[in-house]
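Here is final_7.txt, consisting of compact mmCIF, C-alpha atoms and all ligand atoms:
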# COMPACT_ATOMS: atom_id res chain seq x y z
CA MET A 1 105.78 62.66 92.77
CA ARG A 2 106.48 63.82 96.31
CA ASN A 3 104.09 62.51 98.93
CA PRO A 4 102.40 65.66 100.33
CA PHE A 5 101.27 63.96 103.54
CA ALA A 6 103.42 63.90 106.67
CA TYR A 7 102.87 62.83 110.23
CA SER A 8 106.07 62.94 112.19
CA ASN A 9 106.64 66.64 112.49
CA TYR A 10 104.68 69.83 112.13
CA VAL A 11 103.11 70.54 108.76
CA THR A 12 102.63 73.83 106.91
CA GLY A 13 101.66 75.05 103.45
CA GLU A 14 99.86 72.57 101.24
CA SER A 15 100.12 69.81 103.88
CA PHE A 16 98.22 71.99 106.32
CA CYS A 17 94.44 71.63 106.19
CA ASN A 18 92.18 74.62 106.76
CA ARG A 19 92.25 76.11 110.30
CA LYS A 20 91.25 79.39 108.64
CA LYS A 21 89.22 80.57 111.58
CA GLU A 22 91.99 79.78 114.06
CA LEU A 23 94.58 81.49 111.87
CA SER A 24 92.68 84.73 111.60
CA GLU A 25 91.80 84.72 115.28
CA LEU A 26 95.43 84.18 116.23
CA ILE A 27 96.54 86.97 113.93
CA ARG A 28 94.08 89.26 115.66
CA TYR A 29 95.54 88.38 119.05
CA ILE A 30 99.08 88.81 117.75
CA ARG A 31 98.35 92.23 116.29
CA GLY A 32 96.77 93.28 119.57
CA SER A 33 99.67 91.84 121.61
CA GLN A 34 97.18 89.75 123.57
CA ASN A 35 98.72 86.63 125.16
CA VAL A 36 97.19 83.30 124.21
CA LEU A 37 97.04 79.89 125.88
CA LEU A 38 96.85 77.37 123.02
CA TYR A 39 96.08 73.85 124.19
CA SER A 40 94.70 70.57 122.93
CA HIS A 41 95.13 66.83 123.24
CA ARG A 42 98.34 65.43 121.83
CA ARG A 43 99.00 65.78 118.13
CA TYR A 44 96.05 67.93 117.18
CA GLY A 45 98.27 70.44 115.42
CA LYS A 46 99.31 73.18 117.84
CA SER A 47 102.90 73.48 116.63
CA SER A 48 101.77 73.32 113.01
CA LEU A 49 99.27 76.09 113.64
CA ILE A 50 101.97 78.24 115.21
CA ARG A 51 104.27 77.71 112.22
CA GLN A 52 101.47 78.37 109.77
CA VAL A 53 100.46 81.58 111.50
CA PHE A 54 104.10 82.73 111.33
CA ARG A 55 104.08 82.06 107.59
CA GLU A 56 100.91 84.13 107.17
CA ILE A 57 102.47 87.01 109.07
CA LYS A 58 105.38 86.97 106.67
CA LYS A 59 103.21 86.56 103.60
CA LYS A 60 101.02 89.46 104.63
CA ASN A 61 104.08 91.63 105.36
CA LEU A 62 102.77 92.48 108.78
CA ASN A 63 106.20 93.49 110.04
CA ILE A 64 105.96 91.40 113.17
CA GLY A 65 108.97 89.44 114.40
CA ALA A 66 108.14 85.81 115.20
CA ILE A 67 109.95 83.34 117.45
CA HIS A 68 109.01 79.71 118.08
CA VAL A 69 110.69 78.32 121.20
CA GLU A 70 110.41 74.55 121.58
CA LEU A 71 110.58 73.80 125.30
CA TYR A 72 110.06 70.06 125.12
CA GLY A 73 112.78 68.29 127.10
CA THR A 74 113.89 71.37 129.03
CA ILE A 75 114.31 70.66 132.72
CA SER A 76 115.64 73.86 134.19
CA GLU A 77 115.60 77.63 133.98
CA LYS A 78 118.99 77.44 132.30
CA ASP A 79 117.57 75.23 129.54
CA PHE A 80 114.66 77.65 129.12
CA ILE A 81 117.04 80.57 128.71
CA THR A 82 119.33 78.71 126.31
CA ARG A 83 116.47 77.58 124.07
CA THR A 84 115.02 81.07 123.95
CA PHE A 85 118.38 82.62 123.12
CA GLN A 86 118.89 80.08 120.36
CA ALA A 87 115.47 80.87 118.96
CA LEU A 88 116.39 84.54 118.60
CA SER A 89 118.15 83.63 115.37
CA GLN A 90 114.68 83.27 113.82
CA LEU A 91 114.40 87.05 113.96
CA GLU A 92 117.31 87.78 111.67
CA SER A 93 118.59 85.83 108.73
CA ASN A 94 121.69 87.98 108.88
CA PHE A 95 123.73 86.63 111.75
CA GLU A 96 125.95 89.65 112.22
CA ARG A 97 122.98 91.93 112.44
CA LEU A 98 121.42 89.61 115.00
CA LEU A 99 124.57 89.57 117.06
CA LYS A 100 124.81 93.34 116.94
CA SER A 101 121.26 93.92 118.01
CA VAL A 102 121.47 91.33 120.77
CA SER A 103 124.78 92.46 122.18
CA LYS A 104 123.69 96.09 122.18
CA SER A 105 121.08 95.26 124.80
CA LEU A 106 123.39 93.23 127.00
CA SER A 107 125.33 94.64 129.87
CA ASN A 108 126.45 91.80 132.11
CA ILE A 109 126.76 88.63 130.13
CA LYS A 110 128.94 87.06 127.53
CA LEU A 111 127.64 85.18 124.51
CA ASN A 112 128.76 81.93 122.95
CA LEU A 113 128.27 81.51 119.25
CA SER A 114 127.41 78.18 117.77
CA ILE A 115 126.58 76.63 114.45
CA ASP A 116 123.84 74.05 114.31
CA PRO A 117 125.50 71.08 112.58
CA THR A 118 122.24 69.86 111.04
CA THR A 119 120.93 73.12 109.61
CA GLY A 120 124.19 75.06 109.30
CA GLY A 121 122.38 78.00 110.92
CA ALA A 122 124.17 80.07 113.51
CA SER A 123 122.81 80.89 116.92
CA VAL A 124 123.82 82.55 120.15
CA SER A 125 123.61 81.30 123.70
CA PRO A 126 124.67 82.97 126.91
CA SER A 127 127.66 81.95 128.93
CA PHE A 128 126.52 80.91 132.40
CA GLU A 129 129.98 81.26 133.92
CA ALA A 130 130.18 83.85 136.66
CA VAL A 131 126.60 85.10 136.21
CA ASN A 132 123.52 83.48 137.68
CA GLU A 133 120.37 82.50 135.83
CA LYS A 134 118.31 85.28 137.37
CA THR A 135 120.50 87.94 135.82
CA ILE A 136 120.57 86.21 132.46
CA LEU A 137 116.80 85.83 132.38
CA GLU A 138 116.51 89.51 133.09
CA GLU A 139 118.93 90.38 130.30
CA LEU A 140 117.10 88.09 127.88
CA MET A 141 113.79 89.71 128.72
CA ASN A 142 115.43 93.06 128.23
CA ILE A 143 116.52 92.09 124.74
CA LEU A 144 112.96 91.10 123.89
CA SER A 145 111.56 94.26 125.35
CA LYS A 146 114.00 96.50 123.46
CA TYR A 147 113.43 94.64 120.21
CA SER A 148 109.68 94.97 120.62
CA GLN A 149 109.92 98.72 120.95
CA LYS A 150 111.07 98.84 117.34
CA ARG A 151 108.98 96.04 115.97
CA LYS A 152 106.01 94.09 117.29
CA LEU A 153 106.86 90.55 118.38
CA VAL A 154 105.13 87.21 118.78
CA ILE A 155 106.88 84.61 120.90
CA ALA A 156 105.47 81.09 121.07
CA PHE A 157 106.62 78.99 124.02
CA ASP A 158 105.72 75.51 122.82
CA GLU A 159 105.26 72.67 125.35
CA PHE A 160 105.11 75.33 128.02
CA GLN A 161 103.94 72.81 130.64
CA GLU A 162 107.59 71.77 130.99
CA VAL A 163 108.12 74.96 132.99
CA ALA A 164 105.96 73.57 135.79
CA SER A 165 108.62 71.00 136.64
CA TYR A 166 111.58 73.38 136.90
CA THR A 167 112.76 73.55 140.48
CA GLU A 168 114.36 77.01 140.48
CA ASP A 169 112.91 79.27 143.07
CA GLY A 170 110.14 81.55 141.82
CA PHE A 171 110.89 81.06 138.12
CA GLU A 172 107.25 81.30 137.04
CA ARG A 173 106.74 84.48 139.06
CA ARG A 174 109.86 86.14 137.75
CA LEU A 175 108.94 85.25 134.18
CA ARG A 176 105.45 86.58 134.68
CA SER A 177 106.69 89.89 136.00
CA PHE A 178 108.70 90.47 132.82
CA ILE A 179 105.99 89.27 130.48
CA GLN A 180 103.48 91.63 132.05
CA GLN A 181 105.63 94.61 131.14
CA HIS A 182 105.87 93.64 127.47
CA SER A 183 103.00 95.53 125.93
CA ASN A 184 104.18 95.08 122.34
CA ILE A 185 104.68 91.32 122.51
CA CYS A 186 102.11 88.58 122.07
CA TYR A 187 103.13 85.45 123.97
CA ILE A 188 101.60 82.18 122.83
CA PHE A 189 101.85 79.52 125.53
CA SER A 190 101.18 76.15 124.03
CA GLY A 191 100.92 72.71 125.56
CA SER A 192 99.31 69.34 125.33
CA GLN A 193 99.15 68.08 128.87
CA GLN A 194 95.82 69.70 129.17
CA HIS A 195 95.20 69.37 132.90
CA LEU A 196 98.69 70.65 133.70
CA ILE A 197 98.66 73.62 131.39
CA THR A 198 95.15 74.77 132.19
CA GLU A 199 95.93 74.42 135.88
CA MET A 200 98.93 76.73 135.45
CA PHE A 201 96.73 79.46 134.00
CA ASN A 202 93.43 78.92 135.81
CA SER A 203 94.42 78.49 139.45
CA THR A 204 94.35 81.63 141.52
CA ASN A 205 97.51 80.58 143.33
CA ARG A 206 99.63 80.09 140.21
CA ALA A 207 101.89 82.75 138.71
CA PHE A 208 100.32 82.64 135.27
CA TYR A 209 96.78 83.03 136.53
CA LYS A 210 94.74 84.80 133.85
CA LEU A 211 97.85 85.91 131.98
CA ALA A 212 96.54 84.63 128.65
CA GLU A 213 93.35 84.19 126.68
CA SER A 214 92.26 80.54 126.48
CA PHE A 215 92.47 79.06 122.99
CA PRO A 216 91.48 75.38 122.97
CA LEU A 217 92.28 73.73 119.66
CA ASP A 218 89.78 71.18 118.40
CA LYS A 219 90.04 68.49 115.76
CA ILE A 220 89.44 69.42 112.13
CA GLU A 221 85.90 69.05 110.79
CA THR A 222 85.12 66.46 108.13
CA LYS A 223 83.86 69.05 105.66
CA GLU A 224 87.27 70.75 105.76
CA TYR A 225 89.17 67.54 105.08
CA VAL A 226 87.19 66.68 101.95
CA PRO A 227 88.36 69.42 99.52
CA TRP A 228 91.88 69.36 100.96
CA VAL A 229 92.34 65.62 100.38
CA GLN A 230 90.69 65.77 96.96
CA LYS A 231 92.95 68.57 95.85
CA LEU A 232 96.15 66.82 96.90
CA PHE A 233 95.17 63.48 95.36
CA SER A 234 94.09 65.16 92.13
CA ARG A 235 97.78 65.81 91.49
CA LYS A 236 98.14 62.11 90.96
CA ASN A 237 95.03 62.16 88.84
CA VAL A 238 93.26 60.17 91.50
CA HIS A 239 89.73 61.13 92.38
CA LEU A 240 88.66 60.21 95.90
CA SER A 241 84.93 60.31 96.46
CA VAL A 242 83.42 62.38 99.23
CA GLU A 243 82.08 59.17 100.81
CA LEU A 244 85.50 57.55 100.88
CA ILE A 245 87.11 60.59 102.51
CA GLU A 246 84.30 60.79 105.04
CA ASP A 247 84.86 57.12 105.82
CA ILE A 248 88.61 57.63 106.34
CA VAL A 249 88.07 60.67 108.54
CA ALA A 250 85.49 58.79 110.62
CA ARG A 251 87.80 55.78 111.05
CA PHE A 252 90.32 58.05 112.72
CA GLU A 253 87.76 60.16 114.56
CA ASN A 254 88.87 63.38 112.78
CA HIS A 255 92.30 63.19 114.40
CA PRO A 256 94.70 65.26 112.23
CA MET A 257 97.82 63.15 112.71
CA TYR A 258 96.22 59.75 112.14
CA ILE A 259 94.42 60.98 109.07
CA GLN A 260 97.71 62.24 107.64
CA ASN A 261 99.33 58.95 108.58
CA PHE A 262 96.65 57.03 106.73
CA LEU A 263 96.72 59.30 103.68
CA PHE A 264 100.50 59.10 103.50
CA HIS A 265 100.25 55.32 103.09
CA LEU A 266 97.25 55.48 100.80
CA TRP A 267 99.22 57.80 98.53
CA GLU A 268 101.90 55.12 98.21
CA GLU A 269 99.39 52.44 97.17
CA PRO A 270 99.46 51.55 93.49
CA ARG A 271 96.20 52.80 92.08
CA LYS A 272 94.03 50.32 90.33
CA LYS A 273 90.41 51.26 89.82
CA GLY A 274 89.86 53.59 92.75
CA PHE A 275 90.42 52.25 96.21
CA PRO A 276 88.13 49.33 97.05
CA PRO A 277 87.31 48.66 100.72
CA GLU A 278 89.91 45.91 101.03
CA ILE A 279 92.71 48.34 100.22
CA ILE A 280 91.39 50.80 102.75
CA ASN A 281 91.22 48.04 105.37
CA ASN A 282 94.69 46.79 104.49
CA VAL A 283 96.22 50.23 104.88
CA GLU A 284 94.49 50.65 108.23
CA ASN A 285 95.62 47.23 109.44
CA ALA A 286 99.18 47.89 108.38
CA ILE A 287 99.20 51.10 110.42
CA ILE A 288 97.82 49.29 113.47
CA GLU A 289 100.31 46.48 113.01
CA LYS A 290 103.26 48.87 112.86
CA ARG A 291 102.47 50.19 116.33
CA SER A 292 101.47 46.87 117.83
CA LEU A 293 104.72 46.18 119.67
CA GLU A 294 104.52 49.55 121.37
CA HIS A 295 100.90 48.88 122.32
CA THR A 296 101.70 45.41 123.64
CA VAL A 297 104.39 46.88 125.87
CA LEU A 298 101.99 49.52 127.15
CA TRP A 299 99.28 46.90 127.79
CA GLU A 300 101.70 44.80 129.81
CA THR A 301 102.48 47.68 132.14
CA LEU A 302 98.80 47.91 133.20
CA SER A 303 97.23 46.27 136.25
CA ILE A 304 94.40 43.81 135.77
CA ASN A 305 91.82 46.35 136.95
CA GLN A 306 93.16 48.97 134.55
CA LYS A 307 92.84 46.44 131.73
CA LYS A 308 89.29 45.62 132.73
CA THR A 309 88.45 49.31 132.96
CA LEU A 310 89.73 49.89 129.43
CA LYS A 311 87.54 47.07 128.23
CA LEU A 312 84.64 48.61 130.13
CA ILE A 313 85.23 51.93 128.37
CA LEU A 314 85.32 50.27 124.97
CA LEU A 315 82.19 48.22 125.60
CA ASN A 316 80.20 51.20 126.85
CA ASN A 317 81.60 54.01 124.72
CA GLY A 318 83.03 55.65 127.78
CA SER A 319 79.80 56.27 129.70
CA ASN A 320 77.62 54.47 132.27
CA LEU A 321 80.73 52.75 133.56
CA PHE A 322 79.43 52.32 137.07
CA ASN A 323 76.13 50.61 136.55
CA ALA A 324 75.90 47.08 137.90
CA ASP A 325 75.51 45.33 134.55
CA SER A 326 78.50 47.11 133.05
CA LEU A 327 80.68 46.20 136.03
CA LYS A 328 79.54 42.61 135.85
CA SER A 329 80.30 42.37 132.13
CA VAL A 330 84.01 42.83 132.82
CA ASN A 331 84.06 41.12 136.17
CA LEU A 332 84.83 44.17 138.27
CA LYS A 333 83.47 43.85 141.78
CA THR A 334 83.06 47.47 142.87
CA GLY A 335 82.79 50.95 141.40
CA SER A 336 85.65 52.14 143.57
CA LEU A 337 88.03 49.85 141.68
CA VAL A 338 86.92 51.58 138.50
CA THR A 339 87.40 55.02 140.04
CA LYS A 340 90.94 54.14 141.04
CA ALA A 341 91.80 52.62 137.66
CA LEU A 342 90.32 55.61 135.81
CA SER A 343 92.49 58.06 137.67
CA SER A 344 95.66 56.03 136.99
CA LEU A 345 94.76 55.78 133.31
CA ILE A 346 94.20 59.54 133.17
CA ARG A 347 97.56 60.15 134.85
CA LYS A 348 99.23 57.93 132.30
CA GLU A 349 97.46 59.95 129.57
CA ILE A 350 95.90 56.79 128.16
CA ILE A 351 92.39 58.12 128.63
CA VAL A 352 90.90 61.59 128.99
CA LYS A 353 87.72 62.69 130.62
CA ASP A 354 85.50 64.77 128.44
CA LYS A 355 81.74 64.33 128.60
CA SER A 356 82.59 60.65 128.75
CA TYR A 357 85.85 58.73 129.14
CA LEU A 358 87.81 58.53 125.90
CA ILE A 359 90.83 56.52 124.89
CA GLN A 360 93.25 59.21 123.69
CA ASP A 361 95.10 57.35 121.01
CA VAL A 362 92.81 56.19 118.21
CA LEU A 363 95.30 53.55 117.11
CA PHE A 364 95.65 52.13 120.61
CA LYS A 365 91.87 51.98 120.77
CA LYS A 366 91.73 50.04 117.49
CA TRP A 367 94.49 47.71 118.65
CA LEU A 368 92.63 47.10 121.90
CA GLY A 369 89.43 46.32 120.02
CA LYS A 370 91.25 43.70 118.00
CA THR A 371 93.22 42.27 120.93
CA LEU A 372 90.15 41.95 123.13
CA SER A 373 88.14 40.67 120.15
CA LEU A 374 85.43 43.27 120.60
N1 LIG B 1 96.10 71.70 109.98
C1 LIG B 1 96.51 70.45 109.79
N2 LIG B 1 96.18 69.79 108.65
C2 LIG B 1 96.54 68.55 108.44
N3 LIG B 1 97.27 67.81 109.28
C3 LIG B 1 97.65 68.39 110.43
C4 LIG B 1 97.30 69.74 110.73
N4 LIG B 1 97.80 70.04 111.94
C5 LIG B 1 98.45 68.94 112.35
N5 LIG B 1 98.37 67.94 111.46
C6 LIG B 1 98.93 66.57 111.58
O1 LIG B 1 99.16 66.32 112.95
C7 LIG B 1 100.54 66.05 113.19
C8 LIG B 1 100.94 66.66 114.50
O2 LIG B 1 100.96 68.06 114.38
P1 LIG B 1 101.68 69.00 115.42
O3 LIG B 1 103.03 68.48 115.74
O4 LIG B 1 101.53 70.37 114.91
O5 LIG B 1 100.71 68.78 116.67
P2 LIG B 1 100.92 69.22 118.17
O6 LIG B 1 99.54 69.46 118.72
O7 LIG B 1 101.89 70.31 118.27
O8 LIG B 1 101.52 67.86 118.76
P3 LIG B 1 102.21 67.62 120.20
O9 LIG B 1 101.07 67.38 121.13
O10 LIG B 1 103.06 66.41 120.00
O11 LIG B 1 102.99 68.85 120.52
C9 LIG B 1 101.28 66.59 111.99
O12 LIG B 1 102.45 65.86 111.71
C10 LIG B 1 100.26 66.39 110.89
O13 LIG B 1 100.34 65.06 110.45
MG MG B 2 103.68 70.40 119.35
Output the structure of this file as structure tokens.
Amino acid sequence: MRNPFAYSNYVTGESFCNRKKELSELIRYIRGSQNVLLYSHRRYGKSSLIRQVFREIKKKNLNIGAIHVELYGTISEKDFITRTFQALSQLESNFERLLKSVSKSLSNIKLNLSIDPTTGGASVSPSFEAVNEKTILEELMNILSKYSQKRKLVIAFDEFQEVASYTEDGFERRLRSFIQQHSNICYIFSGSQQHLITEMFNSTNRAFYKLAESFPLDKIETKEYVPWVQKLFSRKNVHLSVELIEDIVARFENHPMYIQNFLFHLWEEPRKKGFPPEIINNVENAIIEKRSLEHTVLWETLSINQKKTLKLILLNNGSNLFNADSLKSVNLKTGSLVTKALSSLIRKEIIVKDKSYLIQDVLFKKWLGKTLSL
């Protein structure tokens, strides 16, 4: 029987747990062509949510065209344009029709056709010879605008924070000026480098200031995981008790990806009589062990004060880090050393500041606990 759990890419359908409220809210924004800024910590499920909402649109026959543009790894305006062009093929399964509708809206640029060797799908990308990026961006935005006059559109720019590092002059401003004219398109800007992406949209001096409604994505609540896990395991005729599922969810602090990771391995375990605690612990340890090399390498890149500060966070659950006893317990002489280490750890995305300081990666946190014998 196929393992329904997955943790290395986005998940949809039966592997997607709940998010009912988020789905209906997003559909409301999409129908109203209201732009959305979807953000969360890493691996909470933004891309999955985007894909799932696109599926719902199709299922409900809402007649809205949907495009998911993955911007991760793009480093220039040219990359941005190419990825968006390529994503246009999501609008039409019929390639010739796509080509016809795209070329109709073009006046100055030539297109290259390509076949994706992995999927066999065809896509178009513009030829950058003889025409500069500014013109091509304009043409691309024109295509979107014309298309949206016939049919409502939703365009998700995933990992949108990448745009902040492009060096082309005024790219964000030019993009904004087009987006603002598109009254029949909902743009979803999604990203995980929270401070970067919220800064792009919340600073008065940035081009995207107040261009989109904030949509922070939280973890999934325990009560939502329970029926979802039970239903999937019942296919194997395995009953998991509510207590066991609550325990698993708590071990991974409700983090969607780690819970899927754990359940994927639990699914592969030969079932004896239920799952006694030693099996649960073994599965957890195996997951920690698998990542231990990566965590060792990360640990070795840290300065001694950063290491002590991580220990301080673990010992004190992320708060009261500056009181004298806490500092003494890890042998840190002054609070200013902690302040400095905290900001480097935040920059490296190892910790985040919420109400207290949290270690982002639950598995790294568990590995640290073991390594430091806490
Ligand atoms: N609704 C969900 N139900 C169950 N598991 C989920 C759900 N959403 C995400 N996941 C789990 O989290 C993993 C990461 O999901 P996804 O790639 O959508 O997150 P993301 O926030 O886009 O990540 P990144 O920060 O890397 O862009 C998935 O592979 C899956 O294991
Ligand atoms: Mg993603």
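Residues of protein, DNA or RNA having any atom at most 7 Å from ligand MG 2 (chain B), counting all atoms listed in the file, are Arg43, Gly45, Lys46, Ser47, Asp158 and Glu159 of chain A.
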For ligand LIG 1 (chain B), take all atoms listed in the file, fit an axis-aligned box around them, add 4 Å to each of the six sides, then output centre and edge lengths in Å rounded to one decimal, as lines of an AutoDock Vina configuration file.
center_x = 99.6
center_y = 68.4
center_z = 114.8
size_x = 15.0
size_y = 14.6
size_z = 20.7
Revision key, fill the gap. Glu199 (chain A) proximity check over A:Arg235, A:Leu37, A:Gly121, A:Asn112, using only C-alpha atoms: winner is A:Leu37
Practice item. Name the residues, by chain letter and number, that sit within 6 Å of ligand LIG 1 (chain B) using all atoms listed in the file, and give them as an MDAnalysis selection string. Key: chainID A and resid 6:11 15:19 42:48 192 256:257 260
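Among the candidates A:Tyr357, A:Ala212, A:Glu129, A:Ala87, the one nearest to Gln180 (chain A) when counting all atoms listed in the file is A:Ala212.
Shortest atom-to-atom contact with Leu88 (chain A) among A:Tyr72, A:Phe364, A:Tyr147, A:Phe189: A:Tyr147, counting all atoms listed in the file.
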Review point. What does the distance from CA of Arg31 (chain A) to CA of Asn63 (chain A) come to in Å, to one decimal?
Key: 10.1 Å
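Minimum distance to Glu139 (chain A) across A:Lys59, A:Lys110, A:Arg347, A:Lys21 (counting all atoms listed in the file) occurs at A:Lys110.
The environment of Asn108 (chain A) within 12 Å, counting all atoms listed in the file and disregarding residues fewer than 4 places along the same chain, consists of A:Ser103, A:Lys104, A:Pro126, A:Ser127, A:Phe128, A:Glu129, A:Ala130, A:Val131, A:Asn132, A:Glu133, A:Lys134, A:Thr135, A:Ile136, A:Leu137, A:Glu138, A:Glu139, A:Leu140, A:Asn142.
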Practice item. Write out as a list in words which residues come within 8 Å of Ile64 (chain A) when counting all atoms listed in the file, dropping same-chain ones fewer than 6 positions away. Key: Ile57, Lys58, Arg151, Lys152, Leu153 and Val154 of chain A
Check your understanding: Could you state the separation of CA of Leu62 (chain A) and CA of Ile155 (chain A) in Å, given to one decimal place?
Key -> 15.0 Å
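Considering only C-alpha atoms, the residue among A:Phe80, A:Phe178, A:Phe275, A:Phe5 positioned nearest to Ser165 (chain A) is A:Phe80.
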Check your understanding: Do you know which residues are at most 9 Å from Leu314 (chain A) counting all atoms listed in the file, after dropping those on the same chain fewer than 6 positions away, and could you put them as a PyMOL selection string?
Key -> chain A and resi 358-359+365+368-369+374
Review point. Quick one: of A:Leu38, A:Leu363, A:Asn331, A:Ser303, who's nearest to Arg291 (chain A), counting all atoms listed in the file?
Key: A:Leu363
Exercise for review: Compile the contact shell of region 245-249 of chain A as JSON, numbers by chain: residues with an atom at most 12 Å away, counting only C-alpha atoms, same-chain residues fewer than 4 positions apart removed.
Suggested key: {"A": [219, 220, 221, 222, 223, 224, 225, 226, 227, 228, 229, 230, 231, 233, 239, 240, 241, 253, 254, 255, 256, 257, 258, 259, 260, 261, 262, 263, 266, 275, 277, 279, 280, 281, 283, 284, 362]}
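Between CA of Val53 (chain A) and CA of Gly32 (chain A) lies a distance of 14.7 Å.
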Point to revise | Within 7 Å of Ser33 (chain A) using all atoms listed in the file, minus same-chain residues under 3 positions, as a VMD selection string | key: chain A and resid 29 to 30 183 to 186
Can you fill out region 162-178 of chain A with N, CA and C atoms and hand it back as a CSV table (one decimal), in the frame of the given file?
chain,number,residue,atom,x,y,z
A,162,GLU,N,106.3,72.2,130.5
A,162,GLU,CA,107.6,71.8,131.0
A,162,GLU,C,108.1,72.7,132.1
A,163,VAL,N,107.7,74.0,132.0
A,163,VAL,CA,108.1,75.0,133.0
A,163,VAL,C,107.7,74.6,134.4
A,164,ALA,N,106.5,73.9,134.5
A,164,ALA,CA,106.0,73.6,135.8
A,164,ALA,C,106.9,72.6,136.6
A,165,SER,N,107.8,71.9,135.9
A,165,SER,CA,108.6,71.0,136.6
A,165,SER,C,110.0,71.6,137.0
A,166,TYR,N,110.3,72.8,136.5
A,166,TYR,CA,111.6,73.4,136.9
A,166,TYR,C,111.6,73.6,138.4
A,167,THR,N,112.7,73.4,139.0
A,167,THR,CA,112.8,73.6,140.5
A,167,THR,C,113.3,74.9,141.0
A,168,GLU,N,113.8,75.7,140.0
A,168,GLU,CA,114.4,77.0,140.5
A,168,GLU,C,113.3,77.9,141.2
A,169,ASP,N,113.8,78.5,142.2
A,169,ASP,CA,112.9,79.3,143.1
A,169,ASP,C,112.2,80.4,142.3
A,170,GLY,N,110.9,80.4,142.3
A,170,GLY,CA,110.1,81.6,141.8
A,170,GLY,C,110.3,81.8,140.3
A,171,PHE,N,110.7,80.8,139.6
A,171,PHE,CA,110.9,81.1,138.1
A,171,PHE,C,109.6,81.6,137.4
A,172,GLU,N,108.5,80.9,137.7
A,172,GLU,CA,107.2,81.3,137.0
A,172,GLU,C,106.9,82.8,137.4
A,173,ARG,N,107.1,83.1,138.7
A,173,ARG,CA,106.7,84.5,139.1
A,173,ARG,C,107.7,85.5,138.4
A,174,ARG,N,108.9,85.2,138.4
A,174,ARG,CA,109.9,86.1,137.8
A,174,ARG,C,109.5,86.3,136.3
A,175,LEU,N,109.3,85.2,135.6
A,175,LEU,CA,108.9,85.2,134.2
A,175,LEU,C,107.7,86.1,134.0
A,176,ARG,N,106.7,85.8,134.8
A,176,ARG,CA,105.4,86.6,134.7
A,176,ARG,C,105.7,88.1,134.8
A,177,SER,N,106.5,88.5,135.8
A,177,SER,CA,106.7,89.9,136.0
A,177,SER,C,107.3,90.6,134.8
A,178,PHE,N,108.2,89.9,134.0
A,178,PHE,CA,108.7,90.5,132.8
A,178,PHE,C,107.6,90.5,131.7
